[in-house]
>>> print(open('input34.pdb').read())   # PDB, C-alpha atoms and all ligand atoms
ATOM      1  CA  MET T   1       0.000   0.000   0.000  1.00  0.00           C
ATOM      2  CA  LYS T   2       2.842   2.425   0.815  1.00  0.00           C
ATOM      3  CA  GLU T   3       4.159   2.079  -2.757  1.00  0.00           C
ATOM      4  CA  LYS T   4       0.727   2.696  -4.267  1.00  0.00           C
ATOM      5  CA  ILE T   5       0.319   5.806  -2.121  1.00  0.00           C
ATOM      6  CA  ALA T   6       3.745   7.088  -3.174  1.00  0.00           C
ATOM      7  CA  GLU T   7       2.564   6.930  -6.806  1.00  0.00           C
ATOM      8  CA  LEU T   8      -0.865   8.402  -6.140  1.00  0.00           C
ATOM      9  CA  GLN T   9       0.527  11.211  -4.012  1.00  0.00           C
ATOM     10  CA  PHE T  10       1.505  13.188  -7.112  1.00  0.00           C
ATOM     11  CA  ILE T  11      -1.391  12.175  -9.350  1.00  0.00           C
ATOM     12  CA  ALA T  12      -4.024  13.082  -6.766  1.00  0.00           C
ATOM     13  CA  GLU T  13      -2.780  16.641  -6.424  1.00  0.00           C
ATOM     14  CA  THR T  14      -4.982  17.617  -9.390  1.00  0.00           C
ATOM     15  CA  TRP T  15      -8.045  15.823  -8.019  1.00  0.00           C
ATOM     16  CA  SER T  16     -11.060  17.683  -6.638  1.00  0.00           C
ATOM     17  CA  PRO T  17     -12.105  17.067  -3.012  1.00  0.00           C
ATOM     18  CA  GLU T  18     -15.008  14.993  -4.345  1.00  0.00           C
ATOM     19  CA  ARG T  19     -12.726  12.749  -6.369  1.00  0.00           C
ATOM     20  CA  VAL T  20     -10.319  12.284  -3.452  1.00  0.00           C
ATOM     21  CA  LEU T  21     -13.192  11.339  -1.169  1.00  0.00           C
ATOM     22  CA  GLU T  22     -14.716   8.980  -3.729  1.00  0.00           C
ATOM     23  CA  TRP T  23     -11.369   7.233  -4.120  1.00  0.00           C
ATOM     24  CA  ALA T  24     -11.133   6.899  -0.330  1.00  0.00           C
ATOM     25  CA  PHE T  25     -14.652   5.543   0.111  1.00  0.00           C
ATOM     26  CA  ASP T  26     -14.357   3.152  -2.850  1.00  0.00           C
ATOM     27  CA  THR T  27     -10.945   1.868  -1.798  1.00  0.00           C
ATOM     28  CA  PHE T  28     -11.469   1.405   1.921  1.00  0.00           C
ATOM     29  CA  GLY T  29     -15.233   1.129   2.431  1.00  0.00           C
ATOM     30  CA  ASN T  30     -16.087   1.018   6.100  1.00  0.00           C
ATOM     31  CA  ARG T  31     -12.412   1.068   7.144  1.00  0.00           C
ATOM     32  CA  VAL T  32     -12.161   4.809   6.479  1.00  0.00           C
ATOM     33  CA  ALA T  33     -13.517   7.632   8.650  1.00  0.00           C
ATOM     34  CA  ILE T  34     -13.450  11.410   8.739  1.00  0.00           C
ATOM     35  CA  SER T  35     -11.778  12.901  11.792  1.00  0.00           C
ATOM     36  CA  SER T  36     -13.206  16.259  12.780  1.00  0.00           C
ATOM     37  CA  ALA T  37     -13.141  18.861  15.536  1.00  0.00           C
ATOM     38  CA  PHE T  38     -15.979  20.666  13.704  1.00  0.00           C
ATOM     39  CA  GLY T  39     -14.059  23.766  12.714  1.00  0.00           C
ATOM     40  CA  ALA T  40     -14.991  25.596   9.509  1.00  0.00           C
ATOM     41  CA  GLU T  41     -12.878  23.283   7.322  1.00  0.00           C
ATOM     42  CA  GLY T  42     -14.301  20.184   8.972  1.00  0.00           C
ATOM     43  CA  MET T  43     -17.833  21.366   8.321  1.00  0.00           C
ATOM     44  CA  VAL T  44     -17.057  21.817   4.611  1.00  0.00           C
ATOM     45  CA  LEU T  45     -15.641  18.302   4.402  1.00  0.00           C
ATOM     46  CA  ILE T  46     -18.608  16.795   6.223  1.00  0.00           C
ATOM     47  CA  ASP T  47     -20.990  18.587   3.871  1.00  0.00           C
ATOM     48  CA  ILE T  48     -19.173  17.336   0.749  1.00  0.00           C
ATOM     49  CA  ALA T  49     -18.903  13.776   2.116  1.00  0.00           C
ATOM     50  CA  SER T  50     -22.602  13.685   2.956  1.00  0.00           C
ATOM     51  CA  GLN T  51     -23.424  14.226  -0.723  1.00  0.00           C
ATOM     52  CA  LEU T  52     -21.150  11.400  -1.837  1.00  0.00           C
ATOM     53  CA  ARG T  53     -21.601   8.720   0.803  1.00  0.00           C
ATOM     54  CA  PRO T  54     -24.596   8.986   3.152  1.00  0.00           C
ATOM     55  CA  GLY T  55     -23.810   7.245   6.431  1.00  0.00           C
ATOM     56  CA  PHE T  56     -20.056   7.893   6.163  1.00  0.00           C
ATOM     57  CA  ARG T  57     -18.068   7.322   9.339  1.00  0.00           C
ATOM     58  CA  LEU T  58     -17.188  10.388  11.391  1.00  0.00           C
ATOM     59  CA  PHE T  59     -15.240  10.510  14.636  1.00  0.00           C
ATOM     60  CA  THR T  60     -14.037  13.179  17.022  1.00  0.00           C
ATOM     61  CA  LEU T  61     -11.560  13.296  19.872  1.00  0.00           C
ATOM     62  CA  ASP T  62     -13.738  14.352  22.775  1.00  0.00           C
ATOM     63  CA  THR T  63     -11.175  15.591  25.263  1.00  0.00           C
ATOM     64  CA  GLY T  64     -13.882  16.448  27.783  1.00  0.00           C
ATOM     65  CA  PHE T  65     -12.778  20.070  27.553  1.00  0.00           C
ATOM     66  CA  LEU T  66     -14.622  21.220  24.428  1.00  0.00           C
ATOM     67  CA  PHE T  67     -16.736  24.370  24.280  1.00  0.00           C
ATOM     68  CA  PRO T  68     -20.507  24.062  24.811  1.00  0.00           C
ATOM     69  CA  GLU T  69     -20.880  25.567  21.324  1.00  0.00           C
ATOM     70  CA  THR T  70     -18.851  22.674  19.895  1.00  0.00           C
ATOM     71  CA  TYR T  71     -20.966  20.031  21.640  1.00  0.00           C
ATOM     72  CA  SER T  72     -24.071  21.803  20.381  1.00  0.00           C
ATOM     73  CA  LEU T  73     -22.735  21.829  16.809  1.00  0.00           C
ATOM     74  CA  MET T  74     -22.005  18.105  17.087  1.00  0.00           C
ATOM     75  CA  ARG T  75     -25.667  17.433  17.872  1.00  0.00           C
ATOM     76  CA  ARG T  76     -26.669  19.586  14.920  1.00  0.00           C
ATOM     77  CA  VAL T  77     -24.320  17.682  12.599  1.00  0.00           C
ATOM     78  CA  GLU T  78     -25.856  14.372  13.664  1.00  0.00           C
ATOM     79  CA  GLN T  79     -29.357  15.655  12.928  1.00  0.00           C
ATOM     80  CA  ARG T  80     -28.612  17.412   9.649  1.00  0.00           C
ATOM     81  CA  TYR T  81     -26.371  14.751   8.103  1.00  0.00           C
ATOM     82  CA  GLY T  82     -27.893  11.632   9.656  1.00  0.00           C
ATOM     83  CA  VAL T  83     -24.605  10.351  11.064  1.00  0.00           C
ATOM     84  CA  ALA T  84     -23.705   9.054  14.505  1.00  0.00           C
ATOM     85  CA  ILE T  85     -20.485  10.743  15.574  1.00  0.00           C
ATOM     86  CA  GLU T  86     -18.033   8.256  17.082  1.00  0.00           C
ATOM     87  CA  ARG T  87     -16.803  10.054  20.200  1.00  0.00           C
ATOM     88  CA  VAL T  88     -13.337   8.907  21.201  1.00  0.00           C
ATOM     89  CA  GLN T  89     -12.651   9.546  24.893  1.00  0.00           C
ATOM     90  CA  PRO T  90      -9.342   9.676  26.775  1.00  0.00           C
ATOM     91  CA  LEU T  91      -8.596   6.789  29.130  1.00  0.00           C
ATOM     92  CA  LEU T  92      -8.613   9.203  32.089  1.00  0.00           C
ATOM     93  CA  SER T  93     -11.559  11.395  33.035  1.00  0.00           C
ATOM     94  CA  PRO T  94     -10.659  15.027  33.860  1.00  0.00           C
ATOM     95  CA  ALA T  95     -10.857  14.169  37.586  1.00  0.00           C
ATOM     96  CA  GLU T  96      -8.634  11.096  37.190  1.00  0.00           C
ATOM     97  CA  GLN T  97      -6.103  13.119  35.208  1.00  0.00           C
ATOM     98  CA  GLU T  98      -6.019  15.717  37.973  1.00  0.00           C
ATOM     99  CA  ARG T  99      -5.439  13.002  40.585  1.00  0.00           C
ATOM    100  CA  SER T 100      -2.634  11.310  38.667  1.00  0.00           C
ATOM    101  CA  HIS T 101      -0.961  14.304  36.972  1.00  0.00           C
ATOM    102  CA  GLY T 102      -1.907  17.255  39.160  1.00  0.00           C
ATOM    103  CA  ALA T 103      -4.208  20.201  38.554  1.00  0.00           C
ATOM    104  CA  ALA T 104      -4.328  22.081  35.242  1.00  0.00           C
ATOM    105  CA  LEU T 105      -1.761  19.963  33.397  1.00  0.00           C
ATOM    106  CA  TRP T 106      -2.480  22.028  30.258  1.00  0.00           C
ATOM    107  CA  GLN T 107      -0.974  25.077  31.960  1.00  0.00           C
ATOM    108  CA  ARG T 108       2.239  23.314  32.977  1.00  0.00           C
ATOM    109  CA  ASP T 109       2.795  20.749  30.247  1.00  0.00           C
ATOM    110  CA  PRO T 110       0.337  21.014  27.339  1.00  0.00           C
ATOM    111  CA  ASP T 111       2.240  18.408  25.303  1.00  0.00           C
ATOM    112  CA  SER T 112       1.617  15.783  27.978  1.00  0.00           C
ATOM    113  CA  CYS T 113      -2.002  16.846  28.293  1.00  0.00           C
ATOM    114  CA  CYS T 114      -2.484  16.553  24.505  1.00  0.00           C
ATOM    115  CA  ASP T 115      -0.761  13.155  24.568  1.00  0.00           C
ATOM    116  CA  LEU T 116      -3.243  11.907  27.161  1.00  0.00           C
ATOM    117  CA  ARG T 117      -6.383  13.482  25.736  1.00  0.00           C
ATOM    118  CA  LYS T 118      -5.738  13.524  21.979  1.00  0.00           C
ATOM    119  CA  ILE T 119      -2.778  11.462  20.769  1.00  0.00           C
ATOM    120  CA  GLU T 120      -3.408   8.248  22.716  1.00  0.00           C
ATOM    121  CA  PRO T 121      -7.153   8.247  21.888  1.00  0.00           C
ATOM    122  CA  LEU T 122      -6.380   8.909  18.213  1.00  0.00           C
ATOM    123  CA  ARG T 123      -3.789   6.125  18.101  1.00  0.00           C
ATOM    124  CA  ARG T 124      -6.334   3.752  19.633  1.00  0.00           C
ATOM    125  CA  LYS T 125      -9.025   4.805  17.139  1.00  0.00           C
ATOM    126  CA  LEU T 126      -6.797   4.525  14.101  1.00  0.00           C
ATOM    127  CA  GLN T 127      -6.000   0.901  14.917  1.00  0.00           C
ATOM    128  CA  ASP T 128      -9.536   0.130  13.688  1.00  0.00           C
ATOM    129  CA  LEU T 129      -9.056   1.963  10.370  1.00  0.00           C
ATOM    130  CA  ASP T 130      -7.034   1.619   7.153  1.00  0.00           C
ATOM    131  CA  GLU T 131      -7.328   5.278   6.323  1.00  0.00           C
ATOM    132  CA  TRP T 132      -8.325   8.526   8.004  1.00  0.00           C
ATOM    133  CA  ILE T 133      -9.618  11.706   6.412  1.00  0.00           C
ATOM    134  CA  THR T 134      -8.800  15.156   7.753  1.00  0.00           C
ATOM    135  CA  SER T 135      -9.665  18.731   6.828  1.00  0.00           C
ATOM    136  CA  ILE T 136      -6.234  20.286   7.325  1.00  0.00           C
ATOM    137  CA  ARG T 137      -5.055  23.032   4.959  1.00  0.00           C
ATOM    138  CA  ARG T 138      -1.436  23.679   3.994  1.00  0.00           C
ATOM    139  CA  ASP T 139      -1.446  27.338   4.945  1.00  0.00           C
ATOM    140  CA  GLN T 140      -2.686  26.745   8.507  1.00  0.00           C
ATOM    141  CA  THR T 141       0.682  25.967  10.091  1.00  0.00           C
ATOM    142  CA  GLU T 142       4.287  25.306   9.122  1.00  0.00           C
ATOM    143  CA  ALA T 143       3.880  21.638   9.994  1.00  0.00           C
ATOM    144  CA  ARG T 144       0.997  21.296   7.520  1.00  0.00           C
ATOM    145  CA  ALA T 145       2.700  23.078   4.604  1.00  0.00           C
ATOM    146  CA  GLY T 146       4.018  19.811   3.146  1.00  0.00           C
ATOM    147  CA  ALA T 147       0.760  17.841   3.416  1.00  0.00           C
ATOM    148  CA  ASN T 148      -0.657  16.076   0.345  1.00  0.00           C
ATOM    149  CA  LYS T 149      -4.156  15.119  -0.698  1.00  0.00           C
ATOM    150  CA  ILE T 150      -3.268  11.455  -0.367  1.00  0.00           C
ATOM    151  CA  GLU T 151      -0.273  10.409   1.714  1.00  0.00           C
ATOM    152  CA  TRP T 152       1.127   7.733   3.975  1.00  0.00           C
ATOM    153  CA  ASP T 153       0.903   8.668   7.649  1.00  0.00           C
ATOM    154  CA  GLY T 154       4.111   7.256   9.061  1.00  0.00           C
ATOM    155  CA  LYS T 155       3.300   8.364  12.581  1.00  0.00           C
ATOM    156  CA  PHE T 156       0.137   6.270  12.808  1.00  0.00           C
ATOM    157  CA  ASN T 157       0.925   3.806  10.009  1.00  0.00           C
ATOM    158  CA  LEU T 158      -2.073   4.126   7.714  1.00  0.00           C
ATOM    159  CA  VAL T 159      -3.254   6.165   4.711  1.00  0.00           C
ATOM    160  CA  LYS T 160      -4.157   9.779   5.359  1.00  0.00           C
ATOM    161  CA  ILE T 161      -6.417  11.818   3.093  1.00  0.00           C
ATOM    162  CA  ASN T 162      -6.564  15.617   3.126  1.00  0.00           C
ATOM    163  CA  PRO T 163      -9.110  16.501   0.405  1.00  0.00           C
ATOM    164  CA  ILE T 164      -9.106  20.299   0.908  1.00  0.00           C
ATOM    165  CA  VAL T 165      -5.424  20.653   1.740  1.00  0.00           C
ATOM    166  CA  ASP T 166      -4.929  23.203  -1.072  1.00  0.00           C
ATOM    167  CA  TRP T 167      -7.930  25.366  -0.170  1.00  0.00           C
ATOM    168  CA  THR T 168      -7.639  28.832   1.321  1.00  0.00           C
ATOM    169  CA  SER T 169      -9.640  30.102   4.268  1.00  0.00           C
ATOM    170  CA  GLU T 170     -11.595  32.288   1.816  1.00  0.00           C
ATOM    171  CA  GLN T 171     -12.623  29.222  -0.219  1.00  0.00           C
ATOM    172  CA  VAL T 172     -13.774  27.488   2.959  1.00  0.00           C
ATOM    173  CA  TRP T 173     -15.967  30.395   3.985  1.00  0.00           C
ATOM    174  CA  ARG T 174     -17.336  30.874   0.460  1.00  0.00           C
ATOM    175  CA  TYR T 175     -18.400  27.225   0.477  1.00  0.00           C
ATOM    176  CA  ILE T 176     -20.014  27.541   3.919  1.00  0.00           C
ATOM    177  CA  GLN T 177     -22.013  30.571   2.863  1.00  0.00           C
ATOM    178  CA  SER T 178     -23.068  29.332  -0.569  1.00  0.00           C
ATOM    179  CA  HIS T 179     -24.115  25.905   0.757  1.00  0.00           C
ATOM    180  CA  HIS T 180     -25.643  27.182   4.024  1.00  0.00           C
ATOM    181  CA  VAL T 181     -23.426  24.881   6.064  1.00  0.00           C
ATOM    182  CA  PRO T 182     -23.814  25.174   9.859  1.00  0.00           C
ATOM    183  CA  TYR T 183     -20.709  26.277  11.732  1.00  0.00           C
ATOM    184  CA  ASN T 184     -19.486  26.980  15.251  1.00  0.00           C
ATOM    185  CA  PRO T 185     -20.817  30.401  16.370  1.00  0.00           C
ATOM    186  CA  LEU T 186     -17.489  31.041  18.112  1.00  0.00           C
ATOM    187  CA  HIS T 187     -16.028  31.751  14.673  1.00  0.00           C
ATOM    188  CA  ASP T 188     -18.142  34.923  14.640  1.00  0.00           C
ATOM    189  CA  ARG T 189     -16.640  35.919  18.002  1.00  0.00           C
ATOM    190  CA  ALA T 190     -12.994  36.044  16.827  1.00  0.00           C
ATOM    191  CA  TYR T 191     -12.183  32.364  17.365  1.00  0.00           C
ATOM    192  CA  PRO T 192     -10.827  31.287  13.947  1.00  0.00           C
ATOM    193  CA  SER T 193      -9.389  28.058  15.400  1.00  0.00           C
ATOM    194  CA  ILE T 194     -11.249  26.217  18.143  1.00  0.00           C
ATOM    195  CA  GLY T 195      -9.957  23.474  20.418  1.00  0.00           C
ATOM    196  CA  CYS T 196     -10.252  22.884  24.164  1.00  0.00           C
ATOM    197  CA  THR T 197     -11.620  25.652  26.376  1.00  0.00           C
ATOM    198  CA  HIS T 198      -8.397  25.739  28.440  1.00  0.00           C
ATOM    199  CA  CYS T 199      -6.170  26.328  25.421  1.00  0.00           C
ATOM    200  CA  THR T 200      -8.223  28.507  23.078  1.00  0.00           C
ATOM    201  CA  ARG T 201      -8.802  32.253  23.201  1.00  0.00           C
ATOM    202  CA  ALA T 202     -10.176  34.811  20.789  1.00  0.00           C
ATOM    203  CA  VAL T 203      -7.646  36.563  18.550  1.00  0.00           C
ATOM    204  CA  ALA T 204      -7.177  40.296  18.116  1.00  0.00           C
ATOM    205  CA  PRO T 205      -7.592  41.936  14.688  1.00  0.00           C
ATOM    206  CA  GLY T 206      -4.485  41.221  12.594  1.00  0.00           C
ATOM    207  CA  GLU T 207      -3.258  38.365  14.781  1.00  0.00           C
ATOM    208  CA  ASP T 208      -2.380  34.996  13.245  1.00  0.00           C
ATOM    209  CA  PRO T 209      -5.536  32.846  13.095  1.00  0.00           C
ATOM    210  CA  ARG T 210      -3.882  30.232  15.298  1.00  0.00           C
ATOM    211  CA  ALA T 211      -2.516  32.735  17.833  1.00  0.00           C
ATOM    212  CA  GLY T 212      -5.425  31.847  20.094  1.00  0.00           C
ATOM    213  CA  ARG T 213      -4.300  28.229  20.450  1.00  0.00           C
ATOM    214  CA  TRP T 214      -1.948  27.503  23.397  1.00  0.00           C
ATOM    215  CA  ALA T 215      -1.313  31.227  23.848  1.00  0.00           C
ATOM    216  CA  GLY T 216       1.894  31.770  25.801  1.00  0.00           C
ATOM    217  CA  PHE T 217       3.464  28.534  24.528  1.00  0.00           C
ATOM    218  CA  ALA T 218       5.490  27.908  21.363  1.00  0.00           C
ATOM    219  CA  LYS T 219       3.155  24.972  20.724  1.00  0.00           C
ATOM    220  CA  LYS T 220       1.059  25.371  17.548  1.00  0.00           C
ATOM    221  CA  GLU T 221      -0.078  21.762  16.982  1.00  0.00           C
ATOM    222  CA  CYS T 222      -1.440  19.064  19.221  1.00  0.00           C
ATOM    223  CA  GLY T 223       0.755  16.555  17.353  1.00  0.00           C
ATOM    224  CA  LEU T 224      -1.920  14.850  15.275  1.00  0.00           C
ATOM    225  CA  HIS T 225      -0.650  16.131  11.932  1.00  0.00           C
ATOM    226  CA  LEU T 226       3.047  15.479  11.499  1.00  0.00           C
ATOM    227  CA  ILE T 227       4.007  15.220   7.850  1.00  0.00           C
ATOM    228  CA  GLN T 228       5.876  12.151   6.642  1.00  0.00           C
ATOM    229  CA  PRO T 229       8.763  12.967   4.276  1.00  0.00           C
ATOM    230  CA  LEU T 230       8.225  11.497   0.811  1.00  0.00           C
ATOM    231  CA  SER T 231      11.571   9.669   1.001  1.00  0.00           C
ATOM    232  CA  ASP T 232      10.153   7.562   3.850  1.00  0.00           C
ATOM    233  CA  LEU T 233       7.257   6.325   1.748  1.00  0.00           C
ATOM    234  CA  THR T 234       9.251   3.811  -0.194  1.00  0.00           C
ATOM    235  CA  ALA T 235      11.459   2.823   2.745  1.00  0.00           C
TER
HETATM  236  S1  LIG Y   1      -5.651  21.378  23.868  1.00  0.00           S
HETATM  237 FE1  LIG Y   1      -5.141  21.893  26.019  1.00  0.00          FE
HETATM  238  S2  LIG Y   1      -6.713  20.987  27.348  1.00  0.00           S
HETATM  239 FE2  LIG Y   1      -6.891  20.085  25.261  1.00  0.00          FE
HETATM  240  S3  LIG Y   1      -5.723  18.220  25.387  1.00  0.00           S
HETATM  241 FE3  LIG Y   1      -4.302  19.772  24.601  1.00  0.00          FE
HETATM  242  S4  LIG Y   1      -3.300  20.716  26.405  1.00  0.00           S
HETATM  243 FE4  LIG Y   1      -5.090  19.484  27.132  1.00  0.00          FE
END
>>> encode(input="input34.pdb", output="structure tokens")
Amino acid sequence: MKEKIAELQFIAETWSPERVLEWAFDTFGNRVAISSAFGAEGMVLIDIASQLRPGFRLFTLDTGFLFPETYSLMRRVEQRYGVAIERVQPLLSPAEQERSHGAALWQRDPDSCCDLRKIEPLRRKLQDLDEWITSIRRDQTEARAGANKIEWDGKFNLVKINPIVDWTSEQVWRYIQSHHVPYNPLHDRAYPSIGCTHCTRAVAPGEDPRAGRWAGFAKKECGLHLIQPLSDLTA
């Protein structure tokens, strides 16, 4: 499979999001799922997927620290698109994490907190899949700049699909408006990127859209989206 992906990686760059998704659904059937935190990009992807494959699989990493607006949007997604979101929980409840790792771990060591509440649950979830689909865009962060529409995810050892990786934020919002896609109301309150309540704040005019994530730390990613160098694909 790694060799096939290495070939497709270049070819698929000209494919539309619809074609990328169709390839994913046709190739992996029920062993593929969309991963979403229900940001603007995720909502676009969910809307496109719903037109191609009703009943597609959709999962989220429910850290237990999401905004009420995010939980509310999740319920709306289930109703509008007729899907049952697979909620992946950390092994430790917030209270258990506090007992074993101390209070407010996210303030002292956000990498460890993300490992416990995002990375380990994702790793566990991906063991049940052959491929996962994300809504990352190349211009969101430095770490995402090298992402491809179809690639091998060497960190989690499966195929990774990023159908709107070459879209801009403007394209995302044009799609949302023209297709009347529901979105998180926090976006209208200066939250361009939304994660856990403890690690997300509104941004000021002119600030980087991701400046509100882990403010005060150099951290810009929770570690879910590390890009595998192409040279590793054929190794
Ligand atoms: S985003 Fe913050 S609260 Fe959420 S898992 Fe990471 S460090 Fe913990």
>>> residues_around(input="input34.pdb", residues="Arg144 (chain T)", least_positions_apart="2", cutoff="12 Å", atoms="only C-alpha atoms", output="ChimeraX atom specification")
/T:134-142,146-149,162,165-166,220-221,223-229
>>> write_last_selection(input="input34.pdb", atoms="C-alpha atoms", output="tab-separated table (two decimals), keeping the file's coordinate frame")
chain	number	residue	atom	x	y	z
T	134	THR	CA	-8.80	15.16	7.75
T	135	SER	CA	-9.66	18.73	6.83
T	136	ILE	CA	-6.23	20.29	7.32
T	137	ARG	CA	-5.06	23.03	4.96
T	138	ARG	CA	-1.44	23.68	3.99
T	139	ASP	CA	-1.45	27.34	4.94
T	140	GLN	CA	-2.69	26.74	8.51
T	141	THR	CA	0.68	25.97	10.09
T	142	GLU	CA	4.29	25.31	9.12
T	146	GLY	CA	4.02	19.81	3.15
T	147	ALA	CA	0.76	17.84	3.42
T	148	ASN	CA	-0.66	16.08	0.34
T	149	LYS	CA	-4.16	15.12	-0.70
T	162	ASN	CA	-6.56	15.62	3.13
T	165	VAL	CA	-5.42	20.65	1.74
T	166	ASP	CA	-4.93	23.20	-1.07
T	220	LYS	CA	1.06	25.37	17.55
T	221	GLU	CA	-0.08	21.76	16.98
T	223	GLY	CA	0.76	16.56	17.35
T	224	LEU	CA	-1.92	14.85	15.28
T	225	HIS	CA	-0.65	16.13	11.93
T	226	LEU	CA	3.05	15.48	11.50
T	227	ILE	CA	4.01	15.22	7.85
T	228	GLN	CA	5.88	12.15	6.64
T	229	PRO	CA	8.76	12.97	4.28
>>> closest_residue(input="input34.pdb", among="T:Ser35, T:Asn184, T:Leu116, T:Ile150", to="Trp23 (chain T)", atoms="all atoms listed in the file")
T:Ile150
>>> resolve_selection(input="input34.pdb", expression="the PyMOL selection byres (((not hetatm)) within 9 of (chain Y and resi 1))", output="ChimeraX atom specification")
/T:63-66,104-119,195-200,213-214,221-222
>>> write_last_selection(input="input34.pdb", atoms="C-alpha atoms", output="PDB file, keeping the file's coordinate frame")
ATOM      1  CA  THR T  63     -11.175  15.591  25.263  1.00  0.00           C
ATOM      2  CA  GLY T  64     -13.882  16.448  27.783  1.00  0.00           C
ATOM      3  CA  PHE T  65     -12.778  20.070  27.553  1.00  0.00           C
ATOM      4  CA  LEU T  66     -14.622  21.220  24.428  1.00  0.00           C
ATOM      5  CA  ALA T 104      -4.328  22.081  35.242  1.00  0.00           C
ATOM      6  CA  LEU T 105      -1.761  19.963  33.397  1.00  0.00           C
ATOM      7  CA  TRP T 106      -2.480  22.028  30.258  1.00  0.00           C
ATOM      8  CA  GLN T 107      -0.974  25.077  31.960  1.00  0.00           C
ATOM      9  CA  ARG T 108       2.239  23.314  32.977  1.00  0.00           C
ATOM     10  CA  ASP T 109       2.795  20.749  30.247  1.00  0.00           C
ATOM     11  CA  PRO T 110       0.337  21.014  27.339  1.00  0.00           C
ATOM     12  CA  ASP T 111       2.240  18.408  25.303  1.00  0.00           C
ATOM     13  CA  SER T 112       1.617  15.783  27.978  1.00  0.00           C
ATOM     14  CA  CYS T 113      -2.002  16.846  28.293  1.00  0.00           C
ATOM     15  CA  CYS T 114      -2.484  16.553  24.505  1.00  0.00           C
ATOM     16  CA  ASP T 115      -0.761  13.155  24.568  1.00  0.00           C
ATOM     17  CA  LEU T 116      -3.243  11.907  27.161  1.00  0.00           C
ATOM     18  CA  ARG T 117      -6.383  13.482  25.736  1.00  0.00           C
ATOM     19  CA  LYS T 118      -5.738  13.524  21.979  1.00  0.00           C
ATOM     20  CA  ILE T 119      -2.778  11.462  20.769  1.00  0.00           C
ATOM     21  CA  GLY T 195      -9.957  23.474  20.418  1.00  0.00           C
ATOM     22  CA  CYS T 196     -10.252  22.884  24.164  1.00  0.00           C
ATOM     23  CA  THR T 197     -11.620  25.652  26.376  1.00  0.00           C
ATOM     24  CA  HIS T 198      -8.397  25.739  28.440  1.00  0.00           C
ATOM     25  CA  CYS T 199      -6.170  26.328  25.421  1.00  0.00           C
ATOM     26  CA  THR T 200      -8.223  28.507  23.078  1.00  0.00           C
ATOM     27  CA  ARG T 213      -4.300  28.229  20.450  1.00  0.00           C
ATOM     28  CA  TRP T 214      -1.948  27.503  23.397  1.00  0.00           C
ATOM     29  CA  GLU T 221      -0.078  21.762  16.982  1.00  0.00           C
ATOM     30  CA  CYS T 222      -1.440  19.064  19.221  1.00  0.00           C
TER      31      CYS T 222
END
>>> closest_residue(input="input34.pdb", among="T:Ile48, T:Ala215, T:Leu73, T:Leu158", to="Val32 (chain T)", atoms="all atoms listed in the file")
T:Leu158
>>> resolve_selection(input="input34.pdb", expression="the PyMOL selection byres (((chain T and resi 127) around 12) and not hetatm)", output="MDAnalysis selection string")
chainID T and resid 31:33 120:126 128:132 156:159
>>> atom_distance(input="input34.pdb", atom1="CA of Lys160 (chain T)", atom2="CA of Thr14 (chain T)")
16.7 Å
>>> closest_residue(input="input34.pdb", among="T:Phe10, T:Phe28, T:Trp173, T:Phe67", to="Leu186 (chain T)", atoms="only C-alpha atoms")
T:Phe67
>>> atom_distance(input="input34.pdb", atom1="CA of Tyr175 (chain T)", atom2="CA of Val44 (chain T)")
6.9 Å
>>> closest_residue(input="input34.pdb", among="T:Glu170, T:Glu22, T:Asp62, T:Glu69", to="Ser93 (chain T)", atoms="all atoms listed in the file")
T:Asp62
>>> atom_distance(input="input34.pdb", atom1="CA of Trp152 (chain T)", atom2="CA of Glu41 (chain T)")
21.2 Å
>>> axis_aligned_box(input="input34.pdb", around="region 155-170 of chain T", padding_each_side="3 Å", output="lines of an AutoDock Vina configuration file")
center_x = -4.1
center_y = 18.0
center_z = 5.9
size_x = 20.9
size_y = 34.5
size_z = 19.9
